[in-house]
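> Here you go, run28.tsv (TSV, C-alpha atoms):
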```
chain	number	residue	atom	x	y	z
A	29	MET	CA	-29.70	115.79	110.69
A	30	ARG	CA	-30.23	114.93	107.03
A	31	GLU	CA	-33.22	112.88	106.02
A	32	LYS	CA	-32.48	109.28	105.18
A	33	VAL	CA	-33.93	107.76	102.02
A	34	ILE	CA	-34.37	104.02	102.32
A	35	ILE	CA	-34.16	101.81	99.22
A	36	ARG	CA	-35.69	98.45	100.03
A	37	VAL	CA	-33.95	95.97	97.77
A	38	ILE	CA	-36.71	93.36	97.74
A	39	ASP	CA	-39.24	95.99	96.66
A	40	THR	CA	-36.91	97.39	94.03
A	41	ILE	CA	-36.17	94.07	92.35
A	42	GLY	CA	-39.42	92.26	93.20
A	43	SER	CA	-37.62	89.28	94.67
A	44	ASN	CA	-35.75	88.17	97.77
A	45	LEU	CA	-32.97	86.72	95.61
A	46	CYS	CA	-30.10	89.11	94.93
A	47	ILE	CA	-28.45	86.99	92.27
A	48	ALA	CA	-28.85	88.76	88.94
A	49	SER	CA	-26.71	91.55	87.59
A	50	GLU	CA	-29.80	93.14	85.98
A	51	ASP	CA	-31.45	93.36	89.39
A	52	GLY	CA	-28.32	94.91	90.86
A	53	GLN	CA	-28.52	97.47	88.07
A	54	LYS	CA	-32.04	98.42	89.21
A	55	VAL	CA	-30.74	99.22	92.69
A	56	PHE	CA	-27.84	101.17	91.19
A	57	ASP	CA	-30.19	103.16	88.94
A	58	LYS	CA	-32.32	104.08	91.91
A	59	THR	CA	-29.36	105.03	94.08
A	60	VAL	CA	-27.43	107.25	91.69
A	61	PRO	CA	-29.89	110.17	91.36
A	62	LEU	CA	-30.42	110.23	95.12
A	63	LEU	CA	-26.70	110.46	95.80
A	64	GLN	CA	-26.36	113.09	93.08
A	65	THR	CA	-28.79	115.32	94.95
A	66	GLY	CA	-26.88	114.87	98.18
A	67	LYS	CA	-29.40	112.60	99.91
A	68	HIS	CA	-28.31	110.12	102.56
A	69	VAL	CA	-29.20	106.73	101.09
A	70	VAL	CA	-29.79	103.56	103.08
A	71	ILE	CA	-29.89	100.39	100.99
A	72	SER	CA	-31.90	97.91	103.00
A	73	PHE	CA	-31.38	94.21	102.40
A	74	ASP	CA	-34.03	93.21	104.92
A	75	GLY	CA	-35.85	90.09	103.78
A	76	VAL	CA	-33.20	89.06	101.26
A	77	SER	CA	-32.59	85.29	101.31
A	78	MET	CA	-29.66	85.01	98.92
A	79	LEU	CA	-26.97	87.45	97.90
A	80	ILE	CA	-23.98	87.01	95.59
A	81	SER	CA	-21.11	89.17	94.42
A	82	LEU	CA	-22.47	89.44	90.88
A	83	PHE	CA	-25.45	91.41	92.21
A	84	LEU	CA	-23.34	93.59	94.50
A	85	ASN	CA	-20.91	94.48	91.71
A	86	ALA	CA	-23.76	96.05	89.76
A	87	ALA	CA	-25.70	97.49	92.69
A	88	ILE	CA	-22.87	98.97	94.74
A	89	GLY	CA	-19.50	98.31	93.08
A	90	GLN	CA	-20.46	100.47	90.12
A	91	LEU	CA	-21.07	103.49	92.38
A	92	TYR	CA	-17.30	103.94	92.63
A	93	GLY	CA	-17.28	104.80	88.94
A	94	GLN	CA	-19.60	107.75	89.57
A	95	PHE	CA	-18.79	108.97	93.04
A	96	SER	CA	-15.67	109.45	95.11
A	97	GLU	CA	-14.90	107.22	98.08
A	98	GLU	CA	-15.54	110.19	100.37
A	99	GLU	CA	-18.98	110.86	98.88
A	100	ILE	CA	-19.99	107.23	99.22
A	101	ARG	CA	-18.67	106.94	102.74
A	102	GLU	CA	-20.57	110.06	103.75
A	103	HIS	CA	-23.87	109.44	101.98
A	104	LEU	CA	-24.36	105.67	101.70
A	105	GLU	CA	-25.28	103.05	104.27
A	106	VAL	CA	-26.38	99.44	104.00
A	107	THR	CA	-28.54	97.56	106.49
A	108	GLY	CA	-29.97	94.10	106.87
A	109	LEU	CA	-26.91	92.09	105.81
A	110	ALA	CA	-25.58	89.19	107.85
A	111	GLY	CA	-21.95	89.32	108.93
A	112	ASP	CA	-20.73	86.94	106.24
A	113	ASP	CA	-22.59	88.91	103.58
A	114	MET	CA	-21.00	92.12	104.84
A	115	GLU	CA	-17.67	90.43	104.18
A	116	ILE	CA	-18.70	89.75	100.58
A	117	LEU	CA	-19.70	93.40	100.26
A	118	GLN	CA	-16.31	94.39	101.62
A	119	ARG	CA	-14.58	92.29	98.93
A	120	VAL	CA	-16.83	93.80	96.25
A	121	VAL	CA	-16.01	97.34	97.40
A	122	GLU	CA	-12.26	96.68	97.57
A	123	ASN	CA	-12.48	95.19	94.10
A	124	ALA	CA	-14.42	98.16	92.73
A	125	LYS	CA	-11.99	100.67	94.21
A	126	ARG	CA	-9.11	98.84	92.52
A	127	TYR	CA	-11.00	98.63	89.25
A	128	TYR	CA	-11.85	102.33	89.08
A	129	THR	CA	-8.42	103.41	90.25
A	130	ASN	CA	-7.08	101.80	87.12
A	131	PRO	CA	-9.95	101.49	84.65
A	132	GLU	CA	-7.58	100.85	81.77
A	133	LYS	CA	-7.23	97.14	81.20
A	134	TYR	CA	-4.09	96.53	83.14
A	135	ASP	CA	-1.72	93.74	82.29
A	136	LYS	CA	-1.92	94.46	78.58
A	137	VAL	CA	0.38	91.57	77.86
A	138	TRP	CA	-2.86	89.61	77.28
A	139	ALA	CA	-3.56	91.58	74.12
A	140	THR	CA	-0.47	90.15	72.48
A	141	LEU	CA	-0.12	86.82	74.25
A	142	GLU	CA	0.33	83.80	72.00
A	143	GLY	CA	-0.80	80.46	73.38
A	144	GLU	CA	-0.34	76.96	72.14
A	145	ASP	CA	-2.44	76.37	69.01
A	146	GLU	CA	-6.02	75.27	69.45
A	147	GLU	CA	-8.64	74.97	66.75
B	2	MET	CA	-23.85	54.30	63.48
B	3	GLN	CA	-22.48	53.48	66.89
B	4	GLU	CA	-20.33	55.35	69.40
B	5	LYS	CA	-18.76	53.59	72.35
B	6	ILE	CA	-19.01	55.13	75.81
B	7	CYS	CA	-16.23	54.32	78.28
B	8	ASP	CA	-16.09	55.02	82.04
B	9	ILE	CA	-17.11	58.58	82.82
B	10	ARG	CA	-15.68	60.11	85.97
B	11	SER	CA	-15.20	63.76	87.01
B	12	ASP	CA	-11.60	63.71	85.83
B	13	ALA	CA	-9.53	64.59	82.77
B	14	THR	CA	-10.04	61.14	81.22
B	15	GLY	CA	-13.80	61.43	81.58
B	16	PHE	CA	-13.94	64.91	80.09
B	17	ASN	CA	-11.58	63.95	77.27
B	18	ALA	CA	-13.92	61.11	76.39
B	19	LEU	CA	-16.93	63.42	76.40
B	20	ALA	CA	-15.08	66.02	74.32
B	21	ALA	CA	-14.07	63.36	71.80
B	22	LEU	CA	-17.68	62.23	71.57
B	23	SER	CA	-18.73	65.81	70.94
B	24	GLU	CA	-16.22	66.25	68.11
B	25	LYS	CA	-17.71	63.24	66.36
B	26	ALA	CA	-21.06	65.02	66.20
B	27	LYS	CA	-19.66	67.81	64.06
B	28	ALA	CA	-20.04	66.06	60.73
B	29	LEU	CA	-23.30	64.28	61.51
B	30	LEU	CA	-26.67	65.20	60.09
B	31	PHE	CA	-29.95	63.27	60.33
B	32	GLU	CA	-28.16	60.16	61.62
B	33	LYS	CA	-29.37	57.52	64.03
B	34	VAL	CA	-26.64	57.19	66.66
B	35	ASP	CA	-26.45	54.34	69.17
B	36	LEU	CA	-24.43	55.23	72.25
B	37	ASP	CA	-23.06	51.85	73.27
B	38	PHE	CA	-22.43	51.68	77.03
B	39	GLN	CA	-21.12	48.10	76.98
B	40	ASP	CA	-17.61	49.19	78.03
B	41	CYS	CA	-18.90	51.69	80.57
B	42	THR	CA	-18.54	50.22	84.04
B	43	PHE	CA	-18.73	53.48	85.98
B	44	PHE	CA	-20.62	56.69	85.33
B	45	GLU	CA	-20.45	59.38	87.99
B	46	ALA	CA	-24.01	60.61	88.17
B	47	ASN	CA	-23.17	64.32	88.27
B	48	MET	CA	-21.40	63.90	84.92
B	49	ALA	CA	-24.85	63.74	83.35
B	50	ALA	CA	-24.68	67.54	83.08
B	51	PRO	CA	-21.61	67.71	80.77
B	52	PHE	CA	-22.83	64.59	78.99
B	53	TYR	CA	-25.98	66.47	78.04
B	54	ALA	CA	-23.87	69.39	76.76
B	55	VAL	CA	-22.31	66.87	74.38
B	56	LEU	CA	-25.68	65.46	73.35
B	57	THR	CA	-26.84	68.93	72.32
B	58	LYS	CA	-24.17	68.82	69.61
B	59	TYR	CA	-25.84	65.69	68.22
B	60	TYR	CA	-29.25	67.31	68.46
B	61	GLU	CA	-28.02	70.36	66.54
B	62	GLY	CA	-27.53	68.07	63.54
B	63	MET	CA	-31.04	66.62	63.99
B	64	ASN	CA	-29.50	63.28	64.91
B	65	VAL	CA	-31.42	60.74	66.98
B	66	VAL	CA	-29.43	59.40	69.93
B	67	THR	CA	-30.24	56.11	71.66
B	68	PRO	CA	-28.30	54.67	74.59
B	69	THR	CA	-27.78	50.90	74.40
B	70	ASN	CA	-26.25	48.12	76.53
B	71	ILE	CA	-26.26	50.11	79.77
B	72	ARG	CA	-25.37	48.05	82.84
B	73	SER	CA	-28.31	47.84	85.20
B	74	ASP	CA	-26.56	49.63	88.09
B	75	ILE	CA	-25.62	52.58	85.87
B	76	ARG	CA	-29.04	52.64	84.29
B	77	THR	CA	-30.64	52.71	87.72
B	78	ILE	CA	-28.65	55.68	88.97
B	79	LEU	CA	-29.22	57.60	85.72
B	80	GLN	CA	-32.93	56.88	85.91
B	81	LYS	CA	-33.01	57.96	89.52
B	82	ASN	CA	-31.36	61.25	88.68
B	83	ARG	CA	-33.69	61.59	85.67
B	84	PHE	CA	-30.94	61.96	83.10
B	85	LEU	CA	-32.15	58.97	81.14
B	86	CYS	CA	-35.67	60.40	81.17
B	87	GLU	CA	-34.30	62.87	78.60
B	88	LEU	CA	-33.57	59.85	76.41
B	89	GLY	CA	-36.88	58.07	76.72
B	90	PHE	CA	-36.43	56.00	79.89
B	91	CYS	CA	-38.83	56.16	82.79
B	92	GLU	CA	-37.91	57.74	86.12
B	93	LEU	CA	-37.02	55.56	89.09
B	94	HIS	CA	-37.72	56.61	92.65
B	95	ASP	CA	-34.57	57.75	94.43
B	96	SER	CA	-35.20	55.96	97.72
B	97	ASN	CA	-31.84	56.98	99.21
B	98	GLN	CA	-32.45	60.53	98.06
B	99	THR	CA	-28.81	61.14	97.32
B	100	THR	CA	-29.32	62.70	93.91
B	101	LEU	CA	-29.91	66.25	92.90
B	102	PRO	CA	-31.62	65.40	89.64
B	103	PHE	CA	-30.51	66.36	86.19
B	104	LYS	CA	-32.33	69.44	84.98
B	105	ARG	CA	-32.13	71.87	82.09
B	106	PHE	CA	-32.63	75.57	82.70
B	107	LYS	CA	-33.08	78.49	80.37
B	108	LEU	CA	-30.58	81.32	80.68
B	109	THR	CA	-33.21	83.42	82.45
B	110	SER	CA	-34.03	80.85	85.10
B	111	GLY	CA	-32.20	82.07	88.20
B	112	GLU	CA	-35.37	81.94	90.28
B	113	GLN	CA	-36.22	78.43	89.09
B	114	PHE	CA	-32.71	77.31	89.97
B	115	SER	CA	-33.37	78.63	93.48
B	116	ASP	CA	-36.59	76.60	93.65
B	117	TYR	CA	-34.66	73.55	92.48
B	118	LEU	CA	-32.12	73.94	95.29
B	119	ASP	CA	-34.88	74.54	97.82
B	120	GLN	CA	-36.57	71.36	96.74
B	121	TYR	CA	-33.58	69.06	96.61
B	122	MET	CA	-31.20	70.41	99.23
B	123	HIS	CA	-33.64	69.99	102.10
B	124	ASP	CA	-34.89	66.96	103.95
B	125	ARG	CA	-33.34	64.39	101.68
B	126	GLY	CA	-30.33	62.14	102.00
B	127	ILE	CA	-28.19	65.17	101.38
B	128	PRO	CA	-26.21	65.51	104.58
B	129	LYS	CA	-27.22	67.81	107.33
B	130	MET	CA	-24.87	70.70	106.93
B	131	SER	CA	-24.48	73.63	109.24
B	132	ASP	CA	-26.52	76.65	108.14
B	133	GLY	CA	-23.32	78.51	107.34
B	134	LEU	CA	-21.89	75.74	105.18
B	135	ALA	CA	-25.17	75.27	103.32
B	136	LYS	CA	-25.38	79.01	102.65
B	137	LYS	CA	-21.80	79.22	101.33
B	138	PHE	CA	-22.43	76.22	99.11
B	139	ARG	CA	-25.61	77.72	97.69
B	140	GLN	CA	-23.92	81.07	97.13
B	141	SER	CA	-21.17	79.29	95.23
B	142	LEU	CA	-23.69	77.47	93.04
B	143	PHE	CA	-25.51	80.72	92.27
B	144	GLU	CA	-22.26	82.46	91.35
B	145	ILE	CA	-21.50	79.70	88.84
B	146	PHE	CA	-25.04	79.42	87.52
B	147	GLN	CA	-25.37	83.17	87.03
B	148	ASN	CA	-21.93	83.34	85.39
B	149	ALA	CA	-23.13	80.76	82.91
B	150	THR	CA	-26.30	82.72	82.19
B	151	GLN	CA	-24.27	85.85	81.55
B	152	HIS	CA	-21.32	84.59	79.58
B	153	SER	CA	-22.04	81.23	77.97
B	154	GLN	CA	-24.40	82.21	75.13
B	155	SER	CA	-25.59	78.64	75.39
B	156	GLU	CA	-28.72	78.47	73.23
B	157	GLN	CA	-29.67	75.14	74.73
B	158	GLY	CA	-29.50	76.50	78.27
B	159	ILE	CA	-27.71	75.30	81.37
B	160	PHE	CA	-27.60	71.74	82.64
B	161	VAL	CA	-27.23	70.86	86.30
B	162	CYS	CA	-26.89	67.70	88.29
B	163	GLY	CA	-25.60	66.67	91.70
B	164	GLN	CA	-24.73	63.56	93.62
B	165	PHE	CA	-24.01	62.91	97.27
B	166	PHE	CA	-21.46	60.20	98.04
B	167	PRO	CA	-22.15	59.45	101.72
B	168	LYS	CA	-19.18	57.17	102.35
B	169	GLN	CA	-16.73	59.74	101.04
B	170	HIS	CA	-18.53	62.66	102.74
B	171	ARG	CA	-18.59	64.28	99.36
B	172	LEU	CA	-21.26	66.22	97.50
B	173	ASP	CA	-20.54	66.91	93.84
B	174	PHE	CA	-22.58	69.47	91.98
B	175	THR	CA	-22.01	70.14	88.31
B	176	ILE	CA	-23.19	73.01	86.14
B	177	ALA	CA	-22.55	72.76	82.41
B	178	ASP	CA	-23.44	74.71	79.32
B	179	ALA	CA	-23.02	74.20	75.60
B	180	GLY	CA	-21.86	77.73	74.94
B	181	ILE	CA	-18.82	79.47	73.53
B	182	GLY	CA	-16.46	78.77	76.43
B	183	ILE	CA	-14.33	81.04	78.58
B	184	ARG	CA	-11.67	81.17	75.86
B	185	GLU	CA	-13.96	82.86	73.37
B	186	ASN	CA	-15.08	85.48	75.88
B	187	VAL	CA	-11.50	86.31	76.86
B	188	ARG	CA	-10.35	86.34	73.22
B	189	ARG	CA	-13.08	88.83	72.34
B	190	PHE	CA	-12.29	90.98	75.36
B	191	TRP	CA	-8.61	91.21	74.47
B	192	LYS	CA	-9.18	91.06	70.70
B	193	ASN	CA	-6.58	88.31	70.63
B	194	GLU	CA	-7.37	85.03	68.86
B	195	LYS	CA	-4.15	83.45	70.10
B	196	ILE	CA	-5.20	83.08	73.75
B	197	ASN	CA	-5.70	79.40	74.53
B	198	SER	CA	-8.19	77.75	76.87
B	199	CYS	CA	-5.91	77.37	79.89
B	200	GLN	CA	-4.66	80.93	79.57
B	201	ALA	CA	-8.28	82.11	79.40
B	202	ILE	CA	-9.29	80.15	82.50
B	203	THR	CA	-6.22	81.41	84.36
B	204	TRP	CA	-7.10	84.99	83.43
B	205	ALA	CA	-10.72	84.55	84.52
B	206	LEU	CA	-9.57	83.29	87.91
B	207	GLN	CA	-7.17	86.15	88.55
B	208	GLY	CA	-8.18	88.92	90.96
B	209	ALA	CA	-10.89	91.13	89.55
B	210	ASN	CA	-10.74	90.06	85.93
B	211	THR	CA	-14.03	90.02	84.08
B	212	THR	CA	-15.05	90.27	80.47
B	213	ARG	CA	-17.91	92.57	81.40
B	214	GLN	CA	-17.34	96.03	79.99
B	215	ASN	CA	-17.28	99.10	82.22
B	216	GLN	CA	-18.20	97.33	85.42
B	217	PRO	CA	-16.12	95.74	88.16
B	218	GLY	CA	-16.59	92.02	88.61
B	219	GLY	CA	-14.81	88.72	88.49
B	220	LEU	CA	-14.99	88.00	92.20
B	221	GLY	CA	-17.28	84.99	92.14
B	222	LEU	CA	-14.75	82.27	91.36
B	223	LYS	CA	-12.25	83.80	93.75
B	224	LEU	CA	-14.78	83.68	96.59
B	225	ILE	CA	-15.56	80.05	95.71
B	226	LYS	CA	-11.86	79.14	95.80
B	227	ASP	CA	-11.46	80.81	99.20
B	228	PHE	CA	-14.46	78.87	100.50
B	229	LEU	CA	-13.32	75.52	99.08
B	230	ARG	CA	-9.80	76.03	100.45
B	231	LEU	CA	-11.30	76.27	103.93
B	232	ASN	CA	-13.79	73.47	103.27
B	233	ARG	CA	-11.05	71.25	101.79
B	234	GLY	CA	-13.24	70.69	98.78
B	235	LYS	CA	-12.39	70.84	95.10
B	236	LEU	CA	-13.19	72.99	92.11
B	237	LEU	CA	-13.05	71.74	88.55
B	238	ILE	CA	-13.46	73.96	85.52
B	239	VAL	CA	-13.50	72.47	82.06
B	240	SER	CA	-13.88	74.87	79.19
B	241	ARG	CA	-13.10	73.95	75.61
B	242	TYR	CA	-9.54	72.49	75.71
B	243	GLY	CA	-8.83	73.62	79.27
B	244	PHE	CA	-9.01	71.34	82.30
B	245	TYR	CA	-8.48	73.23	85.55
B	246	GLU	CA	-8.41	71.73	89.05
B	247	PHE	CA	-8.23	73.45	92.41
B	248	SER	CA	-8.00	72.08	95.92
B	249	ALA	CA	-6.36	73.07	99.17
B	250	SER	CA	-3.22	71.27	98.01
B	251	GLY	CA	-2.81	73.28	94.82
B	252	GLU	CA	-4.10	74.13	91.38
B	253	SER	CA	-3.24	73.22	87.82
B	254	CYS	CA	-4.54	73.58	84.30
B	255	ARG	CA	-3.79	71.24	81.44
B	256	LYS	CA	-4.84	70.87	77.85
B	257	LEU	CA	-7.38	68.26	76.86
B	258	LYS	CA	-6.85	66.37	73.62
B	259	HIS	CA	-10.34	67.23	72.47
B	260	ASP	CA	-12.61	70.25	72.42
B	261	PHE	CA	-15.30	70.17	75.11
B	262	PRO	CA	-18.37	71.94	73.72
B	263	GLY	CA	-18.81	74.71	76.30
B	264	THR	CA	-17.98	75.08	79.96
B	265	CYS	CA	-18.53	72.79	82.92
B	266	VAL	CA	-17.88	73.64	86.56
B	267	ASN	CA	-17.90	71.00	89.25
B	268	ILE	CA	-17.85	71.82	92.95
B	269	GLU	CA	-16.90	69.01	95.24
B	270	LEU	CA	-17.96	69.84	98.75
B	271	ASN	CA	-16.50	68.18	101.82
B	272	THR	CA	-19.67	67.59	103.82
B	273	ASN	CA	-17.71	66.62	106.91
B	274	ASP	CA	-16.66	70.22	107.35
B	275	MET	CA	-16.99	71.50	110.92
B	276	ASN	CA	-15.86	75.06	110.19
B	277	ARG	CA	-18.21	77.81	111.23
B	278	TYR	CA	-19.19	80.07	108.35
B	279	THR	CA	-21.85	82.20	110.02
B	280	LEU	CA	-19.51	84.89	111.19
B	281	LYS	CA	-20.67	87.43	113.67
B	282	SER	CA	-18.85	90.12	111.77
B	283	GLU	CA	-18.53	93.51	113.36
B	284	LEU	CA	-18.29	95.21	109.99
B	285	THR	CA	-20.40	98.30	109.45
B	286	SER	CA	-21.02	100.42	106.35
B	287	SER	CA	-18.41	102.95	107.40
B	288	ASP	CA	-15.78	100.20	107.76
B	289	ILE	CA	-16.50	99.02	104.21
B	290	PHE	CA	-17.03	102.23	102.23
```
Can you turn what I pasted into structure tokens?


Amino acid sequence: MREKVIIRVIDTIGSNLCIASEDGQKVFDKTVPLLQTGKHVVISFDGVSMLISLFLNAAIGQLYGQFSEEEIREHLEVTGLAGDDMEILQRVVENAKRYYTNPEKYDKVWATLEGEDEE
Amino acid sequence: MQEKICDIRSDATGFNALAALSEKAKALLFEKVDLDFQDCTFFEANMAAPFYAVLTKYYEGMNVVTPTNIRSDIRTILQKNRFLCELGFCELHDSNQTTLPFKRFKLTSGEQFSDYLDQYMHDRGIPKMSDGLAKKFRQSLFEIFQNATQHSQSEQGIFVCGQFFPKQHRLDFTIADAGIGIRENVRRFWKNEKINSCQAITWALQGANTTRQNQPGGLGLKLIKDFLRLNRGKLLIVSRYGFYEFSASGESCRKLKHDFPGTCVNIELNTNDMNRYTLKSELTSSDIF
């Protein structure tokens, strides 16, 4: 069985608040090279007191821009999240998959839209 | 010079009045401005946050602002929530402990905002909420606060304020900034100067839309709407000319007559909510990835 590498979020960001995108980026930056070398990565949220989607977009959502769904499913695991937080993670992952399936800005009508005049 | 302040509620009329007041600051430099509250018979305490966003426009022109003729009941509540302390008044003890006081935060103050919520959301007159409801509420506030830190470019920071209305079972929390507004962010993203405020707010609320480059995002407001739909609360977003309202009964966006100087988000929580939010979800990593 492959060795598991555990990334403890609170140690990585130096806080038990997972609220900042920059902190999510730190987790992402630590995860990417490990996944690239085929390691099995466990992101541990033990001890985290607050978690929001902004953090998860950077920490985990972004992984779908670098790795396939199969690679992530096979090599990544998260632990220490409450059930309702797992549901937020699920939304973040669904969102990321959609985003990277169509990275072009869809709905380009916005580039030419003309609204009522404002100063 | 003198500017009259009328009733200020968390509605379109209140925000229009604040936006109009802000526009008057544009041409002012080194003036002494009396804000005359004689006609103000009601001031919803949480509106101190957007009110301060307006005051920053006066301060930018090095103007000196002095409130005058404030009714004693309004003065008391605005001293209790410390808003008037910013304008030279002393603080009054909040014996009912129904206020989450007015406070300014720098854009890098996520941790301090957490301390603020820890201090004022516990053991006060704020209603006993279930753990799940309190957590969802805090998550929502962090999503909004962090959005403001990322997108507002508000040099004066972020202004927050909350008020519990026990009889209505309602807790209003307001987060405002004096930044560029959602419209400017969306215009830059699409390189389209014709997008108006309501269109920009609508875009920001759709699915996964975000003005962040090369990264998925845009979920925060959607999660808040889902939560407030269940809670039967309300969401209000005012940004520049756009006035957006959401509740379980529907949503709408309309144009204000005046330009609000930044963005303000108000969450109105139904504190009588008996829904359970601490789900014993069976989800595992393999279900999600």

> Enumerate as an NGL selection string the residues belonging to chain B that approach chain A to within 8 Å, with only C-alpha atoms taken into account.

:B and (111-112 or 140 or 143-144 or 147 or 191-193 or 195-197 or 200 or 209 or 216-218 or 220-221 or 242 or 278-287 or 289-290)

> Which one is closest to Gly42 (chain A): A:Val60, A:Val76, A:Val69, A:Ala87? Count only C-alpha atoms.

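With only C-alpha atoms as the atom set, the closest residue is A:Val76.
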
> In Å, rounded to a single decimal, give me how far CA of Thr100 (chain B) is from CA of Cys162 (chain B).

7.9 Å

> Write out as a list in words the residues lying within 7 Å of Ala49 (chain B), counting all atoms listed in the file and excluding same-chain residues fewer than 4 positions away.

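Once the adjacent positions are removed, what remains is Tyr53, Phe84, Phe103 and Cys162 of chain B.
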
> Go ahead and write the selection's residues with C-alpha atoms as a PDB file, in the coordinates of the input.


```pdb
ATOM      1  CA  TYR B  53     -25.980  66.470  78.040  1.00  0.00           C
ATOM      2  CA  PHE B  84     -30.940  61.960  83.100  1.00  0.00           C
ATOM      3  CA  PHE B 103     -30.510  66.360  86.190  1.00  0.00           C
ATOM      4  CA  CYS B 162     -26.890  67.700  88.290  1.00  0.00           C
TER       5      CYS B 162
END
```

> Would you compute the distance between CA of Ala50 (chain B) and CA of Asn267 (chain B)? Give it in Å to one decimal.

9.8 Å

> Just the number, please: distance in Å from CA of Arg184 (chain B) to CA of Thr129 (chain A), one decimal.

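Computing it gives 26.7 Å between the two atoms.
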
> Can you tell me, as a short mmCIF file (atom, residue, chain, number, x, y, z; two decimals) with C-alpha atoms, in the frame of the given file, what residues are no more than 12 Å from Gly89 (chain B) when counting only C-alpha atoms, ignoring any on the same chain fewer than 6 positions away?


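See result-v7.cif below for the written result:
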```
data_model
loop_
_atom_site.label_atom_id
_atom_site.label_comp_id
_atom_site.auth_asym_id
_atom_site.auth_seq_id
_atom_site.Cartn_x
_atom_site.Cartn_y
_atom_site.Cartn_z
CA VAL B 65 -31.42 60.74 66.98
CA VAL B 66 -29.43 59.40 69.93
CA THR B 67 -30.24 56.11 71.66
CA PRO B 68 -28.30 54.67 74.59
CA THR B 69 -27.78 50.90 74.40
CA LEU B 79 -29.22 57.60 85.72
CA GLN B 80 -32.93 56.88 85.91
CA ARG B 83 -33.69 61.59 85.67
#
```

> Which residue out of B:Ser198, B:Asn148, B:Gln169, B:Gln120 has the minimum interatomic distance to Leu257 (chain B) when only C-alpha atoms are used?

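Counting only C-alpha atoms, the residue closest to Leu257 (chain B) is B:Ser198.
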
> Would you list the residues near (-16.7, 76.1, 107.6) (no more than 7 Å away, in the coordinates of the file, using only C-alpha atoms) as number ranges by chain?

B: 134, 231-232, 274-278

> Using all atoms listed in the file, which residue out of A:Gly66, A:Thr59, A:Asn130, A:Asp74 lies closest to Glu31 (chain A)?

A:Gly66

> Could region 9-13 of chain B be completed with all heavy atoms and written as a PDB file, in the coordinates of the input, please?


```pdb
ATOM      1  N   ILE B   9     -17.023  57.117  82.761  1.00  0.00           N
ATOM      2  CA  ILE B   9     -17.110  58.580  82.820  1.00  0.00           C
ATOM      3  C   ILE B   9     -17.031  59.025  84.276  1.00  0.00           C
ATOM      4  O   ILE B   9     -17.964  58.853  85.058  1.00  0.00           O
ATOM      5  CB  ILE B   9     -18.420  59.103  82.187  1.00  0.00           C
ATOM      6  CG1 ILE B   9     -18.544  58.651  80.720  1.00  0.00           C
ATOM      7  CG2 ILE B   9     -18.502  60.626  82.302  1.00  0.00           C
ATOM      8  CD1 ILE B   9     -17.572  59.274  79.759  1.00  0.00           C
ATOM      9  N   ARG B  10     -15.879  59.570  84.624  1.00  0.00           N
ATOM     10  CA  ARG B  10     -15.680  60.110  85.970  1.00  0.00           C
ATOM     11  C   ARG B  10     -15.415  61.612  85.865  1.00  0.00           C
ATOM     12  O   ARG B  10     -15.129  62.124  84.785  1.00  0.00           O
ATOM     13  CB  ARG B  10     -14.470  59.447  86.638  1.00  0.00           C
ATOM     14  CG  ARG B  10     -14.686  57.990  86.983  1.00  0.00           C
ATOM     15  CD  ARG B  10     -13.470  57.425  87.723  1.00  0.00           C
ATOM     16  NE  ARG B  10     -13.780  56.174  88.395  1.00  0.00           N
ATOM     17  CZ  ARG B  10     -13.740  54.985  87.795  1.00  0.00           C
ATOM     18  NH1 ARG B  10     -13.389  54.888  86.514  1.00  0.00           N
ATOM     19  NH2 ARG B  10     -14.053  53.889  88.461  1.00  0.00           N
ATOM     20  N   SER B  11     -15.478  62.309  86.998  1.00  0.00           N
ATOM     21  CA  SER B  11     -15.200  63.760  87.010  1.00  0.00           C
ATOM     22  C   SER B  11     -13.693  63.988  86.985  1.00  0.00           C
ATOM     23  O   SER B  11     -13.132  64.592  87.902  1.00  0.00           O
ATOM     24  CB  SER B  11     -15.769  64.401  88.275  1.00  0.00           C
ATOM     25  OG  SER B  11     -17.089  64.039  88.506  1.00  0.00           O
ATOM     26  N   ASP B  12     -13.045  63.504  85.956  1.00  0.00           N
ATOM     27  CA  ASP B  12     -11.600  63.710  85.830  1.00  0.00           C
ATOM     28  C   ASP B  12     -11.249  63.980  84.369  1.00  0.00           C
ATOM     29  O   ASP B  12     -12.124  63.980  83.490  1.00  0.00           O
ATOM     30  CB  ASP B  12     -10.804  62.508  86.384  1.00  0.00           C
ATOM     31  CG  ASP B  12     -11.149  61.201  85.677  1.00  0.00           C
ATOM     32  OD1 ASP B  12     -11.739  61.242  84.568  1.00  0.00           O
ATOM     33  OD2 ASP B  12     -10.830  60.130  86.224  1.00  0.00           O
ATOM     34  N   ALA B  13      -9.956  64.197  84.120  1.00  0.00           N
ATOM     35  CA  ALA B  13      -9.530  64.590  82.770  1.00  0.00           C
ATOM     36  C   ALA B  13      -9.872  63.505  81.747  1.00  0.00           C
ATOM     37  O   ALA B  13     -10.283  63.808  80.614  1.00  0.00           O
ATOM     38  CB  ALA B  13      -8.027  64.874  82.764  1.00  0.00           C
TER      39      ALA B  13
END
```
